[in-house]
>>> print(open('input06.tsv').read())   # TSV, C-alpha atoms
chain	number	residue	atom	x	y	z
A	224	MET	CA	27.18	-5.33	-37.42
A	225	GLN	CA	30.48	-3.49	-36.92
A	226	PHE	CA	28.80	-1.29	-34.29
A	227	PHE	CA	27.65	-4.26	-32.23
A	228	LYS	CA	31.07	-5.93	-32.45
A	229	GLN	CA	32.67	-2.76	-31.15
A	230	LEU	CA	30.01	-2.43	-28.45
A	231	MET	CA	30.51	-5.98	-27.14
A	232	ALA	CA	34.29	-5.53	-27.12
A	233	LEU	CA	34.00	-2.26	-25.20
A	234	VAL	CA	31.54	-3.74	-22.67
A	235	ARG	CA	33.90	-6.65	-21.98
A	236	LEU	CA	36.79	-4.20	-21.62
A	237	ASN	CA	34.84	-1.96	-19.25
A	238	LEU	CA	33.72	-4.82	-17.03
A	239	SER	CA	37.17	-6.40	-16.91
A	240	GLY	CA	38.55	-3.23	-15.35
A	241	ILE	CA	35.98	-2.94	-12.54
A	242	THR	CA	38.36	-4.41	-9.96
A	243	GLN	CA	40.81	-1.59	-10.70
A	244	ARG	CA	38.13	1.04	-9.92
A	245	LEU	CA	36.62	-0.36	-6.72
A	246	GLY	CA	36.14	3.02	-5.02
A	247	PRO	CA	33.88	4.60	-7.66
A	248	VAL	CA	32.17	1.25	-8.30
A	249	LEU	CA	31.26	0.80	-4.63
A	250	THR	CA	29.97	4.37	-4.51
A	251	VAL	CA	27.54	3.59	-7.34
A	252	VAL	CA	26.45	0.23	-5.89
A	253	ILE	CA	25.94	1.55	-2.35
A	254	GLY	CA	24.02	4.59	-3.57
A	255	VAL	CA	21.66	2.46	-5.66
A	256	THR	CA	21.25	0.00	-2.78
A	257	CYS	CA	20.16	2.77	-0.39
A	258	ALA	CA	17.75	4.31	-2.90
A	259	VAL	CA	16.12	1.01	-3.89
A	260	GLY	CA	15.99	-0.27	-0.32
A	261	THR	CA	14.25	2.92	0.83
A	262	LEU	CA	11.73	2.86	-2.01
A	263	VAL	CA	10.88	-0.83	-1.61
A	264	SER	CA	10.51	-0.60	2.18
A	265	LEU	CA	8.20	2.43	1.89
A	266	LEU	CA	6.09	0.85	-0.85
A	267	ALA	CA	5.79	-2.21	1.41
A	268	MET	CA	3.47	-0.13	3.61
A	269	GLY	CA	0.89	0.22	0.86
A	270	SER	CA	1.29	-3.41	-0.17
A	271	GLY	CA	0.89	-4.63	3.41
A	272	ALA	CA	-2.06	-2.36	4.10
A	273	GLN	CA	-3.86	-3.55	0.96
A	274	ARG	CA	-3.20	-7.19	1.84
A	275	GLN	CA	-4.62	-6.57	5.32
A	276	ALA	CA	-7.66	-4.72	4.00
A	277	MET	CA	-8.46	-7.66	1.70
A	278	ALA	CA	-7.84	-10.31	4.36
A	279	ASN	CA	-11.50	-11.05	5.09
A	280	VAL	CA	-13.10	-10.19	1.74
A	281	ARG	CA	-15.64	-12.76	0.57
A	282	PRO	CA	-17.23	-13.16	-2.87
A	283	ASP	CA	-20.69	-13.72	-1.35
A	284	ARG	CA	-20.80	-10.39	0.50
A	285	VAL	CA	-22.22	-7.29	-1.15
A	286	VAL	CA	-22.08	-3.63	-0.09
A	287	ILE	CA	-24.89	-1.20	-0.92
A	288	THR	CA	-24.36	2.55	-0.50
A	289	GLY	CA	-26.30	5.63	-1.40
A	290	VAL	CA	-25.31	7.77	-4.38
A	291	GLY	CA	-24.14	11.36	-4.26
A	292	ALA	CA	-21.48	13.16	-2.26
A	293	GLN	CA	-22.52	11.80	1.16
A	294	ARG	CA	-23.48	8.30	-0.06
A	295	ASP	CA	-26.03	8.02	2.78
A	296	MET	CA	-29.13	5.81	2.68
A	297	PRO	CA	-32.43	6.85	4.28
A	298	LEU	CA	-33.84	4.71	7.08
A	299	ASP	CA	-36.83	3.54	5.03
A	300	ALA	CA	-34.49	1.97	2.44
A	301	ALA	CA	-33.72	-0.82	4.90
A	302	VAL	CA	-37.04	-2.63	4.35
A	303	THR	CA	-36.67	-2.52	0.57
A	304	ILE	CA	-33.09	-3.82	0.69
A	305	ARG	CA	-34.04	-6.76	2.90
A	306	ASN	CA	-36.60	-7.86	0.27
A	307	LEU	CA	-34.16	-7.90	-2.66
A	308	PRO	CA	-33.68	-11.28	-4.36
A	309	GLY	CA	-30.68	-13.51	-3.81
A	310	ILE	CA	-30.05	-12.66	-0.13
A	311	ARG	CA	-29.24	-15.55	2.20
A	312	LYS	CA	-31.64	-16.22	5.05
A	313	GLY	CA	-30.39	-16.50	8.61
A	314	VAL	CA	-31.30	-19.03	11.30
A	315	ASP	CA	-34.35	-16.92	12.16
A	316	GLY	CA	-35.52	-16.88	8.55
A	317	GLU	CA	-34.69	-13.20	8.11
A	318	SER	CA	-32.42	-11.83	5.38
A	319	ILE	CA	-28.79	-11.45	6.44
A	320	VAL	CA	-28.53	-7.70	5.93
A	321	THR	CA	-26.52	-5.51	8.27
A	322	LEU	CA	-27.14	-1.77	8.25
A	323	GLU	CA	-24.19	0.36	9.31
A	324	SER	CA	-23.52	3.84	10.65
A	325	THR	CA	-20.08	5.05	11.67
A	326	VAL	CA	-18.74	7.73	14.01
A	327	GLN	CA	-15.14	8.45	14.96
A	328	LEU	CA	-13.90	8.04	18.52
A	329	GLU	CA	-10.63	9.33	19.92
A	330	SER	CA	-8.06	7.41	21.93
A	331	ARG	CA	-4.40	7.60	22.96
A	332	ARG	CA	-1.58	5.26	22.02
A	333	ARG	CA	-0.13	3.30	24.90
A	334	VAL	CA	3.52	4.08	24.14
A	335	THR	CA	3.53	7.61	22.75
A	336	GLY	CA	0.31	9.02	24.16
A	337	THR	CA	-0.59	10.55	20.79
A	338	ARG	CA	-4.25	10.97	19.95
A	339	ILE	CA	-5.78	8.97	17.13
A	340	ASN	CA	-9.28	8.36	15.80
A	341	PHE	CA	-10.84	4.96	15.20
A	342	PRO	CA	-14.30	3.95	13.94
A	343	LEU	CA	-17.26	3.02	16.13
A	344	VAL	CA	-19.56	1.17	13.73
A	345	GLY	CA	-23.23	0.73	14.47
A	346	VAL	CA	-24.45	-2.62	13.08
A	347	SER	CA	-27.65	-4.64	12.97
A	348	SER	CA	-28.23	-7.77	15.03
A	349	THR	CA	-27.35	-9.92	11.99
A	350	VAL	CA	-23.67	-8.94	12.18
A	351	GLU	CA	-22.57	-12.29	13.66
A	352	GLN	CA	-24.15	-14.16	10.73
A	353	LEU	CA	-22.76	-11.66	8.23
A	354	LEU	CA	-19.26	-11.91	9.72
A	355	PRO	CA	-18.73	-15.55	10.68
A	356	GLU	CA	-15.04	-14.70	11.21
A	357	LEU	CA	-15.97	-12.46	14.16
A	358	ARG	CA	-15.08	-14.25	17.41
A	359	LEU	CA	-15.53	-12.90	20.94
A	360	THR	CA	-12.39	-13.46	23.02
A	361	ASP	CA	-13.52	-11.78	26.24
A	362	GLY	CA	-16.77	-10.48	27.71
A	363	ARG	CA	-20.06	-10.63	25.81
A	364	MET	CA	-21.90	-9.22	22.81
A	365	PHE	CA	-23.49	-5.77	23.07
A	366	GLN	CA	-27.24	-5.62	23.64
A	367	ARG	CA	-29.67	-3.62	21.56
A	368	GLY	CA	-31.00	-0.43	23.10
A	369	LEU	CA	-28.11	-0.09	25.58
A	370	TYR	CA	-25.14	2.27	25.49
A	371	GLU	CA	-22.48	-0.42	25.13
A	372	PHE	CA	-20.08	-1.70	22.49
A	373	ILE	CA	-17.38	-4.27	21.79
A	374	VAL	CA	-13.85	-3.51	20.54
A	375	SER	CA	-11.30	-5.46	18.51
A	376	ASN	CA	-8.18	-6.74	20.24
A	377	PRO	CA	-5.84	-4.45	18.24
A	378	CYS	CA	-7.56	-1.55	20.05
A	379	VAL	CA	-6.79	-3.19	23.39
A	380	ARG	CA	-3.14	-3.76	22.48
A	381	GLN	CA	-2.42	-0.36	20.96
A	382	PHE	CA	-4.53	2.14	22.90
A	383	THR	CA	-5.51	2.95	26.47
A	384	GLY	CA	-8.99	2.73	27.99
A	385	PHE	CA	-10.35	-0.37	26.28
A	386	GLU	CA	-10.62	-2.72	29.26
A	387	ILE	CA	-13.87	-4.58	29.91
A	388	GLY	CA	-16.12	-2.23	31.87
A	389	ALA	CA	-14.34	0.94	30.73
A	390	ARG	CA	-16.62	3.82	29.80
A	391	ARG	CA	-16.44	6.25	26.91
A	392	PRO	CA	-18.46	9.48	26.63
A	393	ILE	CA	-20.35	9.81	23.33
A	394	ARG	CA	-22.65	12.79	22.82
A	395	GLY	CA	-23.26	13.25	26.53
A	396	ASN	CA	-23.82	9.57	27.37
A	397	ASP	CA	-21.40	7.07	28.91
A	398	TRP	CA	-20.96	3.97	26.76
A	399	THR	CA	-19.57	0.79	28.33
A	400	ILE	CA	-17.12	-1.64	26.73
A	401	VAL	CA	-18.59	-5.12	27.26
A	402	GLY	CA	-16.46	-7.35	25.02
A	403	HIS	CA	-13.28	-7.89	23.01
A	404	PHE	CA	-13.15	-9.69	19.68
A	405	ASP	CA	-11.00	-10.83	16.78
A	406	ILE	CA	-12.25	-10.65	13.22
A	407	GLY	CA	-10.41	-13.18	11.10
A	408	ALA	CA	-7.01	-12.07	9.86
A	409	ALA	CA	-7.88	-8.36	10.03
A	410	GLN	CA	-5.91	-6.31	12.53
A	411	GLN	CA	-7.56	-2.91	12.36
A	412	CYS	CA	-8.89	-1.15	15.45
A	413	VAL	CA	-12.69	-1.05	15.24
A	414	ALA	CA	-15.64	-1.07	17.64
A	415	TYR	CA	-19.18	-2.37	17.08
A	416	THR	CA	-22.46	-1.32	18.69
A	417	ASP	CA	-26.17	-1.42	17.90
A	418	VAL	CA	-26.89	0.76	14.86
A	419	ASP	CA	-30.28	2.04	15.99
A	420	THR	CA	-28.95	2.99	19.43
A	421	LEU	CA	-26.03	4.82	17.85
A	422	ASN	CA	-28.23	6.67	15.35
A	423	SER	CA	-30.57	7.73	18.16
A	424	ALA	CA	-27.68	8.93	20.32
A	425	ILE	CA	-26.13	11.07	17.58
A	426	GLY	CA	-29.45	12.22	16.10
A	427	ARG	CA	-28.90	10.63	12.73
A	428	THR	CA	-31.66	9.64	10.29
A	429	SER	CA	-29.68	7.67	7.71
A	430	TYR	CA	-27.25	4.77	7.30
A	431	ASP	CA	-23.77	4.80	5.80
A	432	ARG	CA	-24.26	1.54	3.98
A	433	ALA	CA	-25.81	-1.92	4.04
A	434	THR	CA	-23.76	-5.11	3.83
A	435	LEU	CA	-25.52	-8.35	2.96
A	436	MET	CA	-24.69	-11.98	2.28
A	437	LEU	CA	-25.75	-13.64	-0.95
A	438	SER	CA	-27.17	-17.12	-1.19
A	439	SER	CA	-24.53	-17.64	-3.87
A	440	PRO	CA	-21.96	-15.34	-5.51
A	441	SER	CA	-23.79	-15.96	-8.80
A	442	ASP	CA	-26.84	-14.09	-7.40
A	443	PHE	CA	-25.00	-10.76	-7.51
A	444	GLU	CA	-26.22	-9.62	-10.94
A	445	ALA	CA	-29.88	-10.43	-10.18
A	446	LEU	CA	-29.69	-8.53	-6.88
A	447	ARG	CA	-27.93	-5.59	-8.48
A	448	ALA	CA	-30.47	-5.41	-11.32
A	449	ALA	CA	-33.38	-5.49	-8.86
A	450	ALA	CA	-31.84	-2.76	-6.71
A	451	LEU	CA	-31.18	-0.46	-9.66
A	452	ALA	CA	-34.64	-1.09	-11.13
A	453	ASP	CA	-36.44	-0.07	-7.91
A	454	PRO	CA	-37.42	3.62	-8.23
A	455	THR	CA	-37.46	4.06	-4.44
A	456	LEU	CA	-33.80	3.09	-4.13
A	457	HIS	CA	-31.00	5.39	-5.22
A	458	VAL	CA	-28.06	3.16	-4.45
A	459	GLU	CA	-24.82	1.72	-5.75
A	460	VAL	CA	-24.28	-2.05	-5.46
A	461	MET	CA	-20.74	-3.42	-5.24
A	462	HIS	CA	-18.93	-6.62	-4.45
A	463	GLU	CA	-17.23	-6.38	-1.09
A	464	ARG	CA	-13.85	-6.37	-2.84
A	465	GLU	CA	-14.84	-3.33	-4.91
A	466	ALA	CA	-16.05	-1.49	-1.82
A	467	VAL	CA	-12.84	-2.21	0.11
A	468	GLU	CA	-10.69	-1.12	-2.86
A	469	LEU	CA	-12.69	2.11	-3.10
A	470	TRP	CA	-12.24	2.77	0.61
A	471	PHE	CA	-8.55	1.88	0.46
A	472	LYS	CA	-7.86	4.03	-2.60
A	473	GLN	CA	-7.21	7.27	-0.69
A	474	LEU	CA	-4.99	5.64	1.94
A	475	ASN	CA	-3.04	3.81	-0.75
A	476	ALA	CA	-2.59	7.03	-2.74
A	477	LEU	CA	-1.21	8.78	0.36
A	478	LEU	CA	1.20	5.94	1.16
A	479	ASN	CA	2.41	5.73	-2.45
A	480	PHE	CA	2.92	9.50	-2.63
A	481	VAL	CA	5.11	9.44	0.47
A	482	SER	CA	7.00	6.40	-0.84
A	483	TYR	CA	7.78	7.84	-4.25
A	484	PHE	CA	8.54	11.31	-2.86
A	485	VAL	CA	11.11	10.03	-0.39
A	486	GLY	CA	12.35	7.43	-2.88
A	487	SER	CA	12.83	10.13	-5.53
A	488	ILE	CA	14.93	12.23	-3.17
A	489	MET	CA	17.11	9.21	-2.40
A	490	ALA	CA	17.32	8.37	-6.11
A	491	ILE	CA	18.43	11.89	-7.03
A	492	GLY	CA	21.19	11.76	-4.43
A	493	ALA	CA	22.30	8.31	-5.58
A	494	THR	CA	22.20	9.34	-9.24
A	495	LEU	CA	24.35	12.42	-8.57
A	496	GLY	CA	26.80	10.20	-6.74
A	497	ALA	CA	26.84	7.81	-9.67
A	498	VAL	CA	27.47	10.67	-12.11
A	499	ASN	CA	30.47	11.87	-10.09
A	500	SER	CA	31.84	8.36	-9.78
A	501	LEU	CA	31.43	7.64	-13.49
A	502	TYR	CA	33.03	10.98	-14.36
A	503	ALA	CA	36.01	9.95	-12.26
A	504	MET	CA	36.11	6.56	-13.96
A	505	VAL	CA	36.01	8.21	-17.42
A	506	ASP	CA	38.76	10.68	-16.50
A	507	SER	CA	40.96	7.85	-15.24
A	508	ARG	CA	40.61	6.15	-18.63
A	509	ARG	CA	41.32	9.10	-20.91
A	510	ARG	CA	44.41	7.48	-22.49
A	511	GLU	CA	42.50	4.23	-23.00
A	512	LEU	CA	39.52	6.01	-24.57
A	513	ALA	CA	41.78	8.07	-26.79
A	514	THR	CA	43.50	4.94	-28.02
A	515	LEU	CA	40.18	3.25	-28.74
A	516	LYS	CA	38.97	6.21	-30.77
A	517	ALA	CA	42.28	6.39	-32.60
A	518	ILE	CA	42.04	2.77	-33.75
A	519	GLY	CA	38.53	3.25	-35.10
A	520	PHE	CA	36.00	2.69	-32.29
A	521	ARG	CA	32.94	4.84	-32.92
A	522	PRO	CA	31.78	7.47	-30.38
A	523	GLY	CA	28.31	5.91	-30.39
A	524	ALA	CA	29.71	2.56	-29.30
A	525	ILE	CA	31.68	4.25	-26.52
A	526	VAL	CA	28.55	6.06	-25.29
A	527	VAL	CA	26.44	2.89	-25.23
A	528	SER	CA	29.23	0.84	-23.60
A	529	ILE	CA	29.52	3.27	-20.68
A	530	LEU	CA	25.75	3.33	-20.33
A	531	CYS	CA	25.81	-0.47	-20.20
A	532	GLU	CA	28.51	-0.35	-17.54
A	533	SER	CA	26.41	2.07	-15.48
A	534	VAL	CA	23.35	-0.18	-15.77
A	535	VAL	CA	25.38	-3.28	-14.88
A	536	LEU	CA	26.67	-1.53	-11.74
A	537	ALA	CA	23.08	-0.61	-10.82
A	538	ILE	CA	21.84	-4.21	-10.96
A	539	PRO	CA	23.70	-5.54	-7.86
A	540	GLY	CA	22.62	-2.40	-6.00
A	541	ALA	CA	19.01	-3.11	-6.98
A	542	LEU	CA	19.16	-6.73	-5.89
A	543	LEU	CA	20.92	-5.87	-2.65
A	544	GLY	CA	18.42	-3.07	-1.92
A	545	CYS	CA	15.46	-5.41	-2.47
A	546	ALA	CA	17.09	-8.09	-0.31
A	547	LEU	CA	17.74	-5.64	2.53
A	548	GLY	CA	14.20	-4.27	2.26
A	549	TRP	CA	12.81	-7.79	2.54
A	550	ALA	CA	15.13	-8.82	5.39
A	551	LEU	CA	14.59	-5.68	7.47
A	552	PHE	CA	10.99	-4.68	6.77
A	553	ASN	CA	8.98	-7.63	5.45
A	554	GLY	CA	6.51	-8.60	8.18
A	555	LEU	CA	7.24	-5.50	10.29
A	556	SER	CA	4.10	-4.24	12.06
A	557	ALA	CA	2.80	-0.71	11.50
A	558	SER	CA	-0.29	1.09	12.83
A	559	PRO	CA	-0.96	4.40	11.06
A	560	PHE	CA	-4.40	5.95	11.57
A	561	GLY	CA	-5.41	3.07	13.86
A	562	PHE	CA	-5.14	0.62	10.98
A	563	SER	CA	-2.74	-2.20	11.86
A	564	PHE	CA	-0.94	-4.22	9.22
A	565	GLN	CA	2.36	-5.87	8.42
A	566	LEU	CA	4.66	-4.50	5.74
A	567	ALA	CA	4.84	-6.79	2.72
A	568	VAL	CA	7.80	-6.78	0.31
A	569	THR	CA	6.29	-8.58	-2.67
A	570	PRO	CA	7.81	-9.70	-6.02
A	571	ASN	CA	6.03	-6.80	-7.72
A	572	LEU	CA	7.82	-4.35	-5.44
A	573	ALA	CA	11.14	-6.03	-6.22
A	574	ILE	CA	10.44	-5.54	-9.93
A	575	ILE	CA	9.68	-1.86	-9.30
A	576	GLY	CA	12.94	-1.57	-7.38
A	577	VAL	CA	14.97	-3.13	-10.19
A	578	VAL	CA	13.35	-0.90	-12.84
A	579	TRP	CA	13.97	2.12	-10.58
A	580	ALA	CA	17.66	1.16	-10.37
A	581	LEU	CA	17.98	0.66	-14.13
A	582	VAL	CA	16.54	4.12	-14.77
A	583	MET	CA	19.02	5.55	-12.25
A	584	GLY	CA	21.81	3.72	-14.07
A	585	VAL	CA	20.84	5.11	-17.47
A	586	ILE	CA	20.43	8.69	-16.20
A	587	GLY	CA	23.58	8.52	-14.10
A	588	GLY	CA	25.69	7.17	-16.95
A	589	LEU	CA	24.42	9.42	-19.74
A	590	LEU	CA	26.51	12.56	-19.11
A	591	PRO	CA	29.78	10.71	-18.39
A	592	ALA	CA	29.21	8.62	-21.53
A	593	LEU	CA	28.70	11.72	-23.67
A	594	ARG	CA	31.79	13.28	-22.14
A	595	ALA	CA	33.86	10.22	-22.99
A	596	ALA	CA	32.66	10.27	-26.59
A	597	ARG	CA	33.23	14.02	-27.10
A	598	VAL	CA	36.86	14.22	-25.99
A	599	PRO	CA	39.06	14.61	-29.12
A	600	VAL	CA	41.82	12.09	-29.51
A	601	THR	CA	44.56	14.74	-29.53
A	602	GLU	CA	43.19	16.50	-26.43
A	603	ALA	CA	42.88	13.28	-24.48
A	604	LEU	CA	46.41	12.21	-25.31
A	605	ARG	CA	47.77	15.68	-24.48
A	606	ALA	CA	45.95	15.70	-21.11
A	607	THR	CA	47.46	12.42	-20.07
>>> encode(input="input06.tsv", output="structure tokens")
Amino acid sequence: MQFFKQLMALVRLNLSGITQRLGPVLTVVIGVTCAVGTLVSLLAMGSGAQRQAMANVRPDRVVITGVGAQRDMPLDAAVTIRNLPGIRKGVDGESIVTLESTVQLESRRRVTGTRINFPLVGVSSTVEQLLPELRLTDGRMFQRGLYEFIVSNPCVRQFTGFEIGARRPIRGNDWTIVGHFDIGAAQQCVAYTDVDTLNSAIGRTSYDRATLMLSSPSDFEALRAAALADPTLHVEVMHEREAVELWFKQLNALLNFVSYFVGSIMAIGATLGAVNSLYAMVDSRRRELATLKAIGFRPGAIVVSILCESVVLAIPGALLGCALGWALFNGLSASPFGFSFQLAVTPNLAIIGVVWALVMGVIGGLLPALRAARVPVTEALRAT
């Protein structure tokens, strides 16, 4: 009980003297603000990209892929998949199953001229029923058997050579752009063409995956059980959300690595600045600390009180850093790897920023606190 009474008295004493030490205090607050603001704004890339990737996910869409390293499906698996139970029928009475194959095309950014790859996805004729959010904004739909494709409007805005009628060479053949489209809230650059024409052009004898629409989300387990029980199928069946999360996992890991790497560098610099500032604050209070120890205040209470002061100074820096990250970067557009999204500073990121700042406060205050507690009373009084 005596320890806590001493601790509370010391904390009040420390905080009451903040106005007399504005220089070191501002150094700590500004350093924490910069570190937290940088971390939160960088993490907002991953948060925004994930939000964009999930924008059009539906519970009644299912993705089927092959198993193994390549995850390819043979061409003859298409017939078996179309006959699985629980698949919604289209207007023509056929199962809404879209087979997909993907190749990478290269383009140049309009502003910088840098080269970047984007996906050309071969799809079945059922794609418009599978993706009701797909809406042509210019031109027409591609036709089966012809070397032509449609591109999303983010491609048109970001890259050169996507006008209606423009041609792109693919494996020795000129392919024509015949339409532009939007696909719900998604903003990634993607192109669609006929899957069989694409496979024939590139000499491929398999599909990347099949995406289908369920009659009801509750039909998923029956469809999955039937697919796994069929000895001719060697596939993995996932909800669309699971498939998108699996695809997004590598990109998210890369973005988070960059965020925490840069954020750690900023945090180390800010923590070192906090240590120097707190050392200066401790040295300026040597007579006061000596007096406190002389009248019976325990070294442990002094250590904890200075740690508390360091943490308290980190809190406004954390809040200010999160606020600046939200004001400057929330909603900002980014387009790495041809994938367009808006940065999103979410409450979860703010919590991460605050925890990050508290850890910086504890680490930054530890050595100065130990120094304050170790100085003998006689030495402190003699030094002052």
>>> closest_residue(input="input06.tsv", among="A:Gly362, A:Asp405, A:Glu468, A:Leu298", to="Asp419 (chain A)", atoms="all atoms listed in the file")
A:Leu298
>>> atom_distance(input="input06.tsv", atom1="CA of Val286 (chain A)", atom2="CA of Met436 (chain A)")
9.1 Å
>>> residues_around(input="input06.tsv", residues="Trp398 (chain A)", least_positions_apart="5", cutoff="9 Å", atoms="only C-alpha atoms", output="PDB file with C-alpha atoms, in the frame of the given file")
ATOM      1  CA  LEU A 369     -28.110  -0.090  25.580  1.00  0.00           C
ATOM      2  CA  TYR A 370     -25.140   2.270  25.490  1.00  0.00           C
ATOM      3  CA  GLU A 371     -22.480  -0.420  25.130  1.00  0.00           C
ATOM      4  CA  PHE A 372     -20.080  -1.700  22.490  1.00  0.00           C
ATOM      5  CA  ALA A 389     -14.340   0.940  30.730  1.00  0.00           C
ATOM      6  CA  ARG A 390     -16.620   3.820  29.800  1.00  0.00           C
ATOM      7  CA  ARG A 391     -16.440   6.250  26.910  1.00  0.00           C
ATOM      8  CA  PRO A 392     -18.460   9.480  26.630  1.00  0.00           C
ATOM      9  CA  ILE A 393     -20.350   9.810  23.330  1.00  0.00           C
TER      10      ILE A 393
END
>>> residues_around(input="input06.tsv", residues="Ser500 (chain A)", least_positions_apart="4", cutoff="12 Å", atoms="all atoms listed in the file", output="tab-separated table (two decimals) with C-alpha atoms, in the frame of the given file")
chain	number	residue	atom	x	y	z
A	244	ARG	CA	38.13	1.04	-9.92
A	245	LEU	CA	36.62	-0.36	-6.72
A	246	GLY	CA	36.14	3.02	-5.02
A	247	PRO	CA	33.88	4.60	-7.66
A	248	VAL	CA	32.17	1.25	-8.30
A	249	LEU	CA	31.26	0.80	-4.63
A	250	THR	CA	29.97	4.37	-4.51
A	251	VAL	CA	27.54	3.59	-7.34
A	252	VAL	CA	26.45	0.23	-5.89
A	253	ILE	CA	25.94	1.55	-2.35
A	254	GLY	CA	24.02	4.59	-3.57
A	493	ALA	CA	22.30	8.31	-5.58
A	494	THR	CA	22.20	9.34	-9.24
A	495	LEU	CA	24.35	12.42	-8.57
A	496	GLY	CA	26.80	10.20	-6.74
A	504	MET	CA	36.11	6.56	-13.96
A	505	VAL	CA	36.01	8.21	-17.42
A	506	ASP	CA	38.76	10.68	-16.50
A	507	SER	CA	40.96	7.85	-15.24
A	533	SER	CA	26.41	2.07	-15.48
A	536	LEU	CA	26.67	-1.53	-11.74
A	584	GLY	CA	21.81	3.72	-14.07
A	587	GLY	CA	23.58	8.52	-14.10
A	588	GLY	CA	25.69	7.17	-16.95
A	590	LEU	CA	26.51	12.56	-19.11
A	591	PRO	CA	29.78	10.71	-18.39
>>> closest_residue(input="input06.tsv", among="A:Arg394, A:Phe385, A:Gly271, A:Arg432", to="Thr325 (chain A)", atoms="only C-alpha atoms")
A:Arg432
>>> axis_aligned_box(input="input06.tsv", around="region 472-476 of chain A", padding_each_side="5 Å", output="JSON")
{"center_x": -5.2, "center_y": 5.5, "center_z": -0.4, "size_x": 15.3, "size_y": 13.5, "size_z": 14.7}
>>> closest_residue(input="input06.tsv", among="A:Leu547, A:Ala503, A:Phe564, A:Arg464", to="Pro282 (chain A)", atoms="all atoms listed in the file")
A:Arg464
>>> residues_around(input="input06.tsv", residues="Ser438 (chain A)", least_positions_apart="4", cutoff="12 Å", atoms="all atoms listed in the file", output="PyMOL selection string")
chain A and resi 282-285+307-313+318-320+353+442-443+445-446
>>> residues_around(input="input06.tsv", residues="Leu238 (chain A)", least_positions_apart="5", cutoff="9 Å", atoms="only C-alpha atoms", output="ChimeraX atom specification")
/A:233,532,535
>>> write_last_selection(input="input06.tsv", atoms="C-alpha atoms", output="short mmCIF file (atom, residue, chain, number, x, y, z; two decimals), in the coordinates of the input")
data_model
loop_
_atom_site.label_atom_id
_atom_site.label_comp_id
_atom_site.auth_asym_id
_atom_site.auth_seq_id
_atom_site.Cartn_x
_atom_site.Cartn_y
_atom_site.Cartn_z
CA LEU A 233 34.00 -2.26 -25.20
CA GLU A 532 28.51 -0.35 -17.54
CA VAL A 535 25.38 -3.28 -14.88
#
>>> closest_residue(input="input06.tsv", among="A:Ile575, A:Ile538, A:Leu593, A:Val326", to="Thr256 (chain A)", atoms="all atoms listed in the file")
A:Ile538
>>> atom_distance(input="input06.tsv", atom1="CA of Ile586 (chain A)", atom2="CA of Phe552 (chain A)")
28.2 Å
>>> decode(input="input06.tsv", residues="region 415-426 of chain A", atoms="N, CA and C atoms", output="PDB file, in the first residue's frame")
ATOM      1  N   TYR A 415     -10.695  -9.532 -69.690  1.00  0.00           N
ATOM      2  CA  TYR A 415     -11.391 -10.802 -69.872  1.00  0.00           C
ATOM      3  C   TYR A 415     -11.459 -11.141 -71.360  1.00  0.00           C
ATOM      4  N   THR A 416     -11.308 -12.440 -71.647  1.00  0.00           N
ATOM      5  CA  THR A 416     -11.463 -12.950 -73.000  1.00  0.00           C
ATOM      6  C   THR A 416     -12.031 -14.357 -72.924  1.00  0.00           C
ATOM      7  N   ASP A 417     -12.273 -14.971 -74.071  1.00  0.00           N
ATOM      8  CA  ASP A 417     -12.819 -16.325 -74.106  1.00  0.00           C
ATOM      9  C   ASP A 417     -11.752 -17.324 -73.682  1.00  0.00           C
ATOM     10  N   VAL A 418     -12.082 -18.208 -72.736  1.00  0.00           N
ATOM     11  CA  VAL A 418     -11.087 -19.093 -72.155  1.00  0.00           C
ATOM     12  C   VAL A 418     -10.567 -20.113 -73.158  1.00  0.00           C
ATOM     13  N   ASP A 419     -11.442 -20.647 -73.997  1.00  0.00           N
ATOM     14  CA  ASP A 419     -10.991 -21.656 -74.961  1.00  0.00           C
ATOM     15  C   ASP A 419     -10.091 -21.041 -76.021  1.00  0.00           C
ATOM     16  N   THR A 420     -10.411 -19.812 -76.457  1.00  0.00           N
ATOM     17  CA  THR A 420      -9.570 -19.125 -77.429  1.00  0.00           C
ATOM     18  C   THR A 420      -8.202 -18.831 -76.829  1.00  0.00           C
ATOM     19  N   LEU A 421      -8.173 -18.409 -75.579  1.00  0.00           N
ATOM     20  CA  LEU A 421      -6.905 -18.116 -74.921  1.00  0.00           C
ATOM     21  C   LEU A 421      -6.072 -19.381 -74.749  1.00  0.00           C
ATOM     22  N   ASN A 422      -6.697 -20.464 -74.285  1.00  0.00           N
ATOM     23  CA  ASN A 422      -5.959 -21.713 -74.110  1.00  0.00           C
ATOM     24  C   ASN A 422      -5.386 -22.203 -75.426  1.00  0.00           C
ATOM     25  N   SER A 423      -6.162 -22.078 -76.500  1.00  0.00           N
ATOM     26  CA  SER A 423      -5.681 -22.505 -77.814  1.00  0.00           C
ATOM     27  C   SER A 423      -4.500 -21.650 -78.269  1.00  0.00           C
ATOM     28  N   ALA A 424      -4.582 -20.352 -78.011  1.00  0.00           N
ATOM     29  CA  ALA A 424      -3.525 -19.442 -78.464  1.00  0.00           C
ATOM     30  C   ALA A 424      -2.210 -19.687 -77.731  1.00  0.00           C
ATOM     31  N   ILE A 425      -2.288 -20.043 -76.451  1.00  0.00           N
ATOM     32  CA  ILE A 425      -1.059 -20.226 -75.673  1.00  0.00           C
ATOM     33  C   ILE A 425      -0.675 -21.704 -75.547  1.00  0.00           C
ATOM     34  N   GLY A 426      -1.443 -22.581 -76.185  1.00  0.00           N
ATOM     35  CA  GLY A 426      -1.130 -24.001 -76.168  1.00  0.00           C
ATOM     36  C   GLY A 426      -1.295 -24.652 -74.815  1.00  0.00           C
TER      37      GLY A 426
END
